[in-house]
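Source file start33.pdb; content: PDB, C-alpha atoms and all ligand atoms.
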```pdb
ATOM      1  CA  VAL C   1      36.578  13.274  39.060
ATOM      2  CA  GLU C   2      34.031  11.581  36.846
ATOM      3  CA  ALA C   3      30.390  11.931  37.904
ATOM      4  CA  ALA C   4      29.894   8.223  38.558
ATOM      5  CA  GLU C   5      33.007   8.043  40.683
ATOM      6  CA  TYR C   6      32.043  11.165  42.619
ATOM      7  CA  ASP C   7      28.609   9.653  43.265
ATOM      8  CA  THR C   8      30.206   6.486  44.664
ATOM      9  CA  TYR C   9      32.427   8.512  47.011
ATOM     10  CA  VAL C  10      29.515  10.580  48.299
ATOM     11  CA  ARG C  11      27.385   7.524  49.027
ATOM     12  CA  SER C  12      30.214   5.678  50.790
ATOM     13  CA  ALA C  13      30.915   8.777  52.878
ATOM     14  CA  ALA C  14      27.213   9.106  53.735
ATOM     15  CA  PHE C  15      27.035   5.476  54.903
ATOM     16  CA  ALA C  16      30.230   5.924  56.948
ATOM     17  CA  PHE C  17      28.712   9.065  58.481
ATOM     18  CA  LEU C  18      25.611   7.100  59.539
ATOM     19  CA  ASP C  19      27.784   4.276  60.917
ATOM     20  CA  GLN C  20      29.671   6.852  62.982
ATOM     21  CA  LEU C  21      26.466   8.504  64.210
ATOM     22  CA  SER C  22      25.098   5.174  65.403
ATOM     23  CA  ILE C  23      28.199   4.791  67.598
ATOM     24  CA  GLN C  24      28.363   8.362  68.891
ATOM     25  CA  GLN C  25      24.684   8.727  69.661
ATOM     26  CA  PRO C  26      22.909   5.387  69.531
ATOM     27  CA  GLY C  27      19.224   5.709  68.884
ATOM     28  CA  LEU C  28      16.903   7.427  66.510
ATOM     29  CA  LEU C  29      17.964  10.208  64.168
ATOM     30  CA  ARG C  30      16.486  13.645  63.683
ATOM     31  CA  TYR C  31      16.698  15.951  60.707
ATOM     32  CA  GLU C  32      19.292  18.082  62.545
ATOM     33  CA  ASP C  33      21.615  15.056  62.765
ATOM     34  CA  LEU C  34      21.233  14.322  59.070
ATOM     35  CA  ALA C  35      21.794  17.949  58.118
ATOM     36  CA  GLN C  36      25.344  17.686  59.507
ATOM     37  CA  PHE C  37      26.650  15.540  56.669
ATOM     38  CA  GLN C  38      29.348  17.171  54.549
ATOM     39  CA  PHE C  39      31.357  16.007  51.596
ATOM     40  CA  GLN C  40      34.596  17.779  50.650
ATOM     41  CA  GLY C  41      33.573  20.756  52.739
ATOM     42  CA  GLU C  42      30.099  21.023  51.200
ATOM     43  CA  ARG C  43      27.040  20.560  53.334
ATOM     44  CA  MET C  44      24.738  17.917  51.925
ATOM     45  CA  PRO C  45      21.790  17.104  54.215
ATOM     46  CA  LEU C  46      20.801  13.456  53.837
ATOM     47  CA  MET C  47      17.114  14.163  54.257
ATOM     48  CA  ASP C  48      14.713  16.655  52.755
ATOM     49  CA  LEU C  49      12.338  18.041  55.358
ATOM     50  CA  GLY C  50       9.690  18.944  52.797
ATOM     51  CA  ARG C  51       9.640  15.829  50.639
ATOM     52  CA  GLY C  52      10.142  12.100  50.961
ATOM     53  CA  ILE C  53      12.795  11.810  48.265
ATOM     54  CA  ARG C  54      16.161  13.492  48.729
ATOM     55  CA  LYS C  55      18.343  14.387  45.765
ATOM     56  CA  PRO C  56      21.265  16.678  46.615
ATOM     57  CA  ARG C  57      22.028  19.130  43.808
ATOM     58  CA  GLN C  58      25.581  17.707  43.603
ATOM     59  CA  LEU C  59      24.240  14.271  42.585
ATOM     60  CA  GLU C  60      22.181  13.042  39.658
ATOM     61  CA  GLY C  61      20.364  10.271  41.490
ATOM     62  CA  ALA C  62      18.386  10.313  44.723
ATOM     63  CA  ILE C  63      20.334   9.462  47.899
ATOM     64  CA  SER C  64      17.510   8.776  50.319
ATOM     65  CA  ILE C  65      13.817   8.009  50.636
ATOM     66  CA  ARG C  66      11.651   8.480  53.676
ATOM     67  CA  THR C  67       8.513   6.875  55.065
ATOM     68  CA  VAL C  68       6.532   8.653  57.773
ATOM     69  CA  HIS C  69       5.797   6.940  61.050
ATOM     70  CA  ALA C  70       2.762   4.852  61.865
ATOM     71  CA  ALA C  71       0.919   6.855  64.488
ATOM     72  CA  ARG C  72      -1.036   3.987  66.034
ATOM     73  CA  PRO C  73       1.063   1.601  68.173
ATOM     74  CA  GLN C  74      -1.189  -1.331  67.325
ATOM     75  CA  ASP C  75      -0.491  -0.948  63.610
ATOM     76  CA  ARG C  76       1.801  -3.283  61.832
ATOM     77  CA  PRO C  77       3.685  -0.584  60.009
ATOM     78  CA  TYR C  78       4.445  -0.808  56.324
ATOM     79  CA  ALA C  79       2.806  -4.210  55.952
ATOM     80  CA  ASP C  80       0.649  -2.747  53.168
ATOM     81  CA  GLU C  81       3.745  -1.631  51.307
ATOM     82  CA  GLN C  82       4.979  -5.184  50.992
ATOM     83  CA  GLY C  83       3.950  -6.872  47.743
ATOM     84  CA  LEU C  84       2.812 -10.477  47.426
ATOM     85  CA  ASP C  85       6.348 -11.266  46.313
ATOM     86  CA  GLY C  86       7.641 -10.002  49.659
ATOM     87  CA  TYR C  87       9.357  -6.937  48.202
ATOM     88  CA  PHE C  88       8.565  -3.503  49.582
ATOM     89  CA  ARG C  89       7.342  -0.693  47.335
ATOM     90  CA  TYR C  90       8.028   3.014  47.395
ATOM     91  CA  LYS C  91       5.470   5.342  45.819
ATOM     92  CA  TRP C  92       6.230   8.097  43.336
ATOM     93  CA  ARG C  93       6.017  11.640  44.540
ATOM     94  CA  GLU C  94       2.653  12.940  43.293
ATOM     95  CA  HIS C  95       1.321  11.287  40.137
ATOM     96  CA  ASN C  96       3.684  12.668  37.577
ATOM     97  CA  PRO C  97       6.429  10.345  36.258
ATOM     98  CA  ASP C  98       8.485  13.338  35.104
ATOM     99  CA  GLN C  99       8.478  15.034  38.451
ATOM    100  CA  ALA C 100      12.123  15.841  39.380
ATOM    101  CA  GLU C 101      12.274  13.552  42.421
ATOM    102  CA  ASN C 102      10.752  10.661  40.497
ATOM    103  CA  ARG C 103      13.363  11.126  37.786
ATOM    104  CA  ALA C 104      16.059  11.069  40.479
ATOM    105  CA  LEU C 105      14.663   7.761  41.747
ATOM    106  CA  ARG C 106      14.484   6.325  38.234
ATOM    107  CA  LEU C 107      18.118   7.191  37.679
ATOM    108  CA  ALA C 108      19.091   5.572  40.989
ATOM    109  CA  CYS C 109      17.126   2.510  39.869
ATOM    110  CA  GLU C 110      18.739   2.295  36.413
ATOM    111  CA  ARG C 111      22.257   2.764  37.773
ATOM    112  CA  ARG C 112      21.657   0.520  40.767
ATOM    113  CA  LEU C 113      22.800   3.207  43.186
ATOM    114  CA  PRO C 114      22.638   2.327  46.889
ATOM    115  CA  LEU C 115      20.219   4.480  48.901
ATOM    116  CA  ILE C 116      19.244   5.164  52.497
ATOM    117  CA  TRP C 117      15.687   4.424  53.608
ATOM    118  CA  PHE C 118      14.636   6.541  56.586
ATOM    119  CA  ILE C 119      11.731   5.063  58.476
ATOM    120  CA  GLY C 120       9.790   7.272  60.849
ATOM    121  CA  VAL C 121       9.451   5.751  64.318
ATOM    122  CA  ALA C 122       7.896   8.640  66.226
ATOM    123  CA  SER C 123       7.183  12.173  65.131
ATOM    124  CA  GLY C 124      10.407  13.655  63.735
ATOM    125  CA  THR C 125      12.618  10.639  64.528
ATOM    126  CA  TYR C 126      13.903   8.083  62.097
ATOM    127  CA  MET C 127      15.615   4.746  61.838
ATOM    128  CA  PRO C 128      17.904   4.433  58.800
ATOM    129  CA  ILE C 129      18.191   1.267  56.725
ATOM    130  CA  TYR C 130      21.109   1.271  54.315
ATOM    131  CA  PRO C 131      22.161   0.372  51.762
ATOM    132  CA  VAL C 132      18.931  -0.452  49.931
ATOM    133  CA  TRP C 133      18.377  -0.501  46.172
ATOM    134  CA  LEU C 134      15.580   0.188  43.727
ATOM    135  CA  ALA C 135      15.229  -3.054  41.819
ATOM    136  CA  ASP C 136      12.562  -1.933  39.376
ATOM    137  CA  GLU C 137       9.840   0.551  38.544
ATOM    138  CA  GLU C 138       6.130  -0.298  38.280
ATOM    139  CA  PRO C 139       4.751   2.718  36.415
ATOM    140  CA  PHE C 140       1.109   1.561  36.424
ATOM    141  CA  GLU C 141       1.203   1.387  40.191
ATOM    142  CA  GLU C 142       3.304   4.582  40.321
ATOM    143  CA  GLN C 143       5.966   2.952  42.470
ATOM    144  CA  PHE C 144       9.440   1.481  42.705
ATOM    145  CA  VAL C 145      10.394  -1.944  43.984
ATOM    146  CA  LEU C 146      12.806  -1.888  46.936
ATOM    147  CA  ALA C 147      15.531  -4.466  47.503
ATOM    148  CA  LEU C 148      16.629  -4.537  51.149
ATOM    149  CA  ASP C 149      19.933  -6.230  50.402
ATOM    150  CA  ASP C 150      22.074  -7.094  47.383
ATOM    151  CA  GLU C 151      20.861 -10.686  47.413
ATOM    152  CA  GLU C 152      17.290  -9.451  47.001
ATOM    153  CA  LEU C 153      18.416  -7.290  44.117
ATOM    154  CA  TYR C 154      20.092 -10.267  42.472
ATOM    155  CA  ARG C 155      17.018 -12.416  43.031
ATOM    156  CA  TRP C 156      14.775  -9.803  41.435
ATOM    157  CA  ASP C 157      16.914  -9.871  38.306
ATOM    158  CA  HIS C 158      16.871 -13.672  38.175
ATOM    159  CA  ALA C 159      13.278 -14.203  39.247
ATOM    160  CA  GLU C 160      12.372 -16.396  36.237
ATOM    161  CA  ALA C 161      14.944 -18.950  37.301
ATOM    162  CA  LEU C 162      13.869 -19.024  40.940
ATOM    163  CA  GLU C 163      11.051 -20.706  42.774
ATOM    164  CA  PRO C 164       8.417 -18.079  43.803
ATOM    165  CA  VAL C 165       7.807 -19.691  47.198
ATOM    166  CA  ALA C 166      11.514 -19.652  47.990
ATOM    167  CA  GLN C 167      11.691 -16.044  46.790
ATOM    168  CA  ARG C 168       8.911 -14.994  49.126
ATOM    169  CA  ARG C 169      10.535 -16.860  52.018
ATOM    170  CA  TYR C 170      13.821 -15.087  51.421
ATOM    171  CA  ALA C 171      12.146 -11.683  51.149
ATOM    172  CA  ASP C 172      10.238 -12.288  54.388
ATOM    173  CA  ARG C 173      13.404 -13.283  56.200
ATOM    174  CA  VAL C 174      15.236 -10.158  55.055
ATOM    175  CA  ALA C 175      12.235  -8.001  55.984
ATOM    176  CA  ARG C 176      12.133  -9.532  59.447
ATOM    177  CA  VAL C 177      15.825  -8.999  60.154
ATOM    178  CA  ARG C 178      16.390  -5.640  58.500
ATOM    179  CA  LEU C 179      13.029  -3.962  58.989
ATOM    180  CA  HIS C 180      10.543  -5.517  61.384
ATOM    181  CA  GLN C 181      12.822  -6.501  64.265
ATOM    182  CA  PRO C 182      14.786  -3.228  64.511
ATOM    183  CA  LEU C 183      11.615  -1.204  63.976
ATOM    184  CA  PHE C 184       9.774  -3.200  66.647
ATOM    185  CA  ARG C 185      12.586  -2.548  69.116
ATOM    186  CA  GLU C 186      12.651   1.184  68.393
ATOM    187  CA  ARG C 187       8.876   1.589  68.585
ATOM    188  CA  VAL C 188       8.672  -0.329  71.859
ATOM    189  CA  LEU C 189      11.543   1.699  73.366
ATOM    190  CA  VAL C 190       9.821   4.950  72.345
ATOM    191  CA  SER C 191       6.540   3.782  73.916
ATOM    192  CA  TYR C 192       8.292   2.904  77.199
ATOM    193  CA  GLU C 193      10.359   6.107  77.194
ATOM    194  CA  THR C 194      13.550   4.031  76.889
ATOM    195  CA  ARG C 195      13.140   2.356  80.275
ATOM    196  CA  CYS C 196      12.875  -1.218  81.460
ATOM    197  CA  ALA C 197       9.189  -1.784  82.358
ATOM    198  CA  VAL C 198      10.336  -3.924  85.297
ATOM    199  CA  CYS C 199      13.203  -2.022  86.958
ATOM    200  CA  HIS C 200      13.206   1.360  85.128
ATOM    201  CA  LEU C 201      16.815   0.994  83.956
ATOM    202  CA  ARG C 202      17.427   3.680  81.369
ATOM    203  CA  HIS C 203      20.419   2.401  79.408
ATOM    204  CA  ARG C 204      19.442   1.968  75.746
ATOM    205  CA  GLU C 205      22.425  -0.329  75.148
ATOM    206  CA  LEU C 206      21.019  -2.744  77.746
ATOM    207  CA  LEU C 207      17.400  -2.575  76.651
ATOM    208  CA  ASP C 208      15.469  -4.976  74.439
ATOM    209  CA  ALA C 209      11.939  -5.225  73.184
ATOM    210  CA  ALA C 210      10.701  -8.509  74.605
ATOM    211  CA  HIS C 211       7.995 -10.284  72.629
ATOM    212  CA  ILE C 212       4.979 -11.388  74.659
ATOM    213  CA  VAL C 213       3.916 -13.977  72.090
ATOM    214  CA  PRO C 214       7.223 -15.073  70.564
ATOM    215  CA  ASP C 215       8.116 -14.337  66.969
ATOM    216  CA  SER C 216       8.456 -18.081  66.343
ATOM    217  CA  GLU C 217       4.816 -18.602  67.365
ATOM    218  CA  GLY C 218       3.420 -15.931  65.126
ATOM    219  CA  GLY C 219       3.681 -13.070  67.624
ATOM    220  CA  GLU C 220       3.517  -9.872  65.626
ATOM    221  CA  PRO C 221       6.188  -7.165  65.762
ATOM    222  CA  ILE C 222       3.717  -4.570  67.012
ATOM    223  CA  VAL C 223       3.938  -2.482  70.177
ATOM    224  CA  PRO C 224       1.079  -4.213  72.132
ATOM    225  CA  ASN C 225       2.975  -7.479  71.689
ATOM    226  CA  GLY C 226       6.122  -5.979  73.205
ATOM    227  CA  ILE C 227       7.513  -4.857  76.548
ATOM    228  CA  ALA C 228      10.718  -2.865  76.977
ATOM    229  CA  MET C 229      13.012  -4.784  79.303
ATOM    230  CA  CYS C 230      16.650  -4.733  80.317
ATOM    231  CA  GLN C 231      18.597  -7.816  79.310
ATOM    232  CA  LEU C 232      18.401  -9.387  82.757
ATOM    233  CA  HIS C 233      14.626  -9.075  82.986
ATOM    234  CA  HIS C 234      14.141 -10.036  79.359
ATOM    235  CA  GLY C 235      16.074 -13.241  80.050
ATOM    236  CA  ALA C 236      14.094 -13.915  83.217
ATOM    237  CA  PHE C 237      10.803 -13.349  81.347
ATOM    238  CA  ASP C 238      11.812 -15.546  78.396
ATOM    239  CA  HIS C 239      12.941 -18.358  80.700
ATOM    240  CA  LEU C 240       9.699 -18.148  82.688
ATOM    241  CA  LEU C 241      11.458 -17.156  85.914
ATOM    242  CA  ILE C 242       9.059 -14.232  86.112
ATOM    243  CA  GLY C 243       5.486 -14.156  84.892
ATOM    244  CA  ILE C 244       3.338 -11.110  84.186
ATOM    245  CA  ARG C 245      -0.383 -11.350  84.801
ATOM    246  CA  PRO C 246      -2.882  -9.564  82.564
ATOM    247  CA  ASP C 247      -3.271  -6.959  85.341
ATOM    248  CA  TYR C 248       0.455  -6.212  84.902
ATOM    249  CA  ARG C 249       1.457  -7.669  88.276
ATOM    250  CA  MET C 250       4.561  -9.836  88.352
ATOM    251  CA  GLU C 251       5.082 -13.205  89.942
ATOM    252  CA  VAL C 252       8.415 -14.858  90.591
ATOM    253  CA  ARG C 253       8.696 -18.610  90.189
ATOM    254  CA  ALA C 254       8.254 -20.332  93.564
ATOM    255  CA  ASP C 255      11.592 -22.160  93.645
ATOM    256  CA  LEU C 256      13.426 -18.926  92.827
ATOM    257  CA  LEU C 257      11.579 -17.108  95.606
ATOM    258  CA  ALA C 258      12.724 -19.731  98.085
ATOM    259  CA  GLU C 259      16.363 -19.603  97.017
ATOM    260  CA  SER C 260      18.869 -17.613  98.962
ATOM    261  CA  ASP C 261      21.799 -15.986  97.255
ATOM    262  CA  GLY C 262      23.427 -12.571  96.824
ATOM    263  CA  PRO C 263      21.926  -9.110  96.341
ATOM    264  CA  THR C 264      21.206  -9.486  92.615
ATOM    265  CA  LEU C 265      18.805 -12.333  93.201
ATOM    266  CA  ARG C 266      17.213 -10.486  96.092
ATOM    267  CA  HIS C 267      16.859  -7.022  94.574
ATOM    268  CA  ALA C 268      16.628  -7.699  90.871
ATOM    269  CA  LEU C 269      14.370 -10.761  90.967
ATOM    270  CA  GLN C 270      12.782 -11.773  94.274
ATOM    271  CA  ALA C 271      11.728  -8.206  95.073
ATOM    272  CA  LEU C 272       9.592  -8.115  91.913
ATOM    273  CA  HIS C 273       7.061 -10.586  93.290
ATOM    274  CA  GLY C 274       3.707  -8.819  93.497
ATOM    275  CA  GLU C 275       4.983  -5.568  91.950
ATOM    276  CA  LYS C 276       3.514  -4.048  88.791
ATOM    277  CA  ILE C 277       5.392  -3.353  85.593
ATOM    278  CA  THR C 278       5.306   0.233  84.332
ATOM    279  CA  VAL C 279       3.244   0.395  81.153
ATOM    280  CA  PRO C 280       3.072   3.203  78.575
ATOM    281  CA  ARG C 281       0.793   6.144  79.270
ATOM    282  CA  GLN C 282      -0.853   5.672  75.896
ATOM    283  CA  ARG C 283      -3.471   2.973  76.334
ATOM    284  CA  ALA C 284      -3.087   1.512  72.830
ATOM    285  CA  ALA C 285       0.637   0.963  73.431
ATOM    286  CA  ARG C 286       0.105  -1.178  76.556
ATOM    287  CA  PRO C 287       0.614  -4.949  76.498
ATOM    288  CA  ASP C 288      -2.335  -6.840  75.131
ATOM    289  CA  PRO C 289      -3.995  -8.643  78.115
ATOM    290  CA  ALA C 290      -4.980 -11.720  76.095
ATOM    291  CA  SER C 291      -1.391 -12.223  74.929
ATOM    292  CA  LEU C 292      -0.104 -11.659  78.470
ATOM    293  CA  ASP C 293      -2.529 -14.248  79.768
ATOM    294  CA  LEU C 294      -1.356 -16.770  77.180
ATOM    295  CA  ARG C 295       2.205 -16.228  78.338
ATOM    296  CA  TYR C 296       1.235 -16.227  82.024
ATOM    297  CA  GLN C 297      -0.457 -19.633  81.662
ATOM    298  CA  ARG C 298       2.830 -20.966  80.363
ATOM    299  CA  PHE C 299       4.632 -19.479  83.362
ATOM    300  CA  LEU C 300       2.160 -21.214  85.689
ATOM    301  CA  ALA C 301       2.666 -24.506  83.897
ATOM    302  CA  ALA C 302       6.444 -24.192  84.348
ATOM    303  CA  SER C 303       6.200 -23.275  88.027
TER     304      SER C 303
HETATM  305 ZN    ZN C 401      15.153  -4.398  84.174
END
```

Spit out the file's structure as structure tokens when you get a sec.
Ligand SMILES: [Zn+2]
Amino acid sequence: VEAAEYDTYVRSAAFAFLDQLSIQQPGLLRYEDLAQFQFQGERMPLMDLGRGIRKPRQLEGAISIRTVHAARPQDRPYADEQGLDGYFRYKWREHNPDQAENRALRLACERRLPLIWFIGVASGTYMPIYPVWLADEEPFEEQFVLALDDEELYRWDHAEALEPVAQRRYADRVARVRLHQPLFRERVLVSYETRCAVCHLRHRELLDAAHIVPDSEGGEPIVPNGIAMCQLHHGAFDHLLIGIRPDYRMEVRADLLAESDGPTLRHALQALHGEKITVPRQRAARPDPASLDLRYQRFLAAS
């Protein structure tokens, strides 16, 4: 098989492997999971533990890049890696353009090879984003330009013909959907130990990261603006059926409290009145009181 063809097969198999993993064990990935990948009987770990750029010896171009996690929950991770044009950047390894991993990235860039971007969520755990592409290299800044989807790649190549404001808007939208929202969810779930803050339900498939100040109103995708909630409680919170005071105590809307219906209403909603949500142990990961108050005032107005 020709090298280019072999490369295509390996990458498709790697993406299929990640798809499969996300079904078998939903959630964040560890190195041990990524070390399981094999192609035609050969083991080919998808991540390098020692370096951010992974180039298997069987391939000419890099197959994955990695970004370490933001340790502080209040940080807006990777915001500083986003250029004014909305595109993310990935730094060279060390400062030498001829370093082997940098050459492997350059080759992936020139050949437009699809890559996996592993983003650290907590120590040793990662969220994969794939496929992504390297649209360009900026040697003076010692970095590559990342395209998060093929449309972004196309737009980079045709930038002269496109309106910069529209470009930025598109890049922001892609970043929100493919990076910020999934990363926000994962970071909030980690902070709440994968449990609903209201009822302690532990099923990841049924858990969301609820925004305190909504995304549409400029609420940032950072942990203190989030609360892990099951879908029922997320819905109740978003529809102002329950309010959360800045002291973390819950209130149930008066008309709902007065209603009488089956056990779900009684146990899952009415019983919350006056109870406290369970917040993360780490103080910096807890809901921001000012944002909670803003939201609580809206609950009062709707009651
Ligand atoms: Zn719940």

Grab me every residue within 8 Å of ligand ZN 401 (chain C), counting all atoms listed in the file, and send it over as number ranges by chain.
C: 196-201, 229-234, 268

For the contact check between segment 162-278 of chain C and segment 66-76 of chain C, emit one row per residue of segment 162-278 of chain C within 12 Å, containing the shortest atom pair and the distance in Å rounded to one decimal, counting only C-alpha atoms, chain then rising number order, as a tab-separated table.
```
residue	atom	partner	partner_atom	distance
C:Leu179	CA	C:Arg76	CA	11.6
C:His180	CA	C:Arg76	CA	9.0
C:Gln181	CA	C:Arg76	CA	11.7
C:Leu183	CA	C:Arg76	CA	10.3
C:Phe184	CA	C:Arg76	CA	9.3
C:Glu186	CA	C:His69	CA	11.6
C:Arg187	CA	C:Pro73	CA	7.8
C:Val188	CA	C:Pro73	CA	8.7
C:Leu189	CA	C:Pro73	CA	11.7
C:Val190	CA	C:Pro73	CA	10.3
C:Ser191	CA	C:Pro73	CA	8.2
C:Tyr192	CA	C:Pro73	CA	11.6
C:Gly219	CA	C:Arg76	CA	11.5
C:Glu220	CA	C:Arg76	CA	7.8
C:Pro221	CA	C:Arg76	CA	7.1
C:Ile222	CA	C:Arg76	CA	5.7
C:Val223	CA	C:Pro73	CA	5.4
C:Pro224	CA	C:Gln74	CA	6.0
C:Asn225	CA	C:Gln74	CA	8.6
C:Gly226	CA	C:Pro73	CA	10.4
```

Step by step: start from the point (13.3, 2.9, 36.5) in the file's coordinates, keep every protein, DNA or RNA residue that has an atom no farther than 6 Å from it, count all atoms listed in the file, and write the set as a list in words.
Arg106, Cys109, Glu110, Asp136 and Glu137 of chain C

Could you write out as a ChimeraX atom specification the residues that the PyMOL selection byres (((chain C and resi 134) around 10) and not hetatm) matches in the shown file?
/C:88-90,105-115,132-133,135-137,144-148,153

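Each of C:Leu59, C:Pro139, C:Arg54, C:Gln82 was compared to His95 of chain C using all atoms listed in the file, and C:Pro139 turns out to be the nearest.
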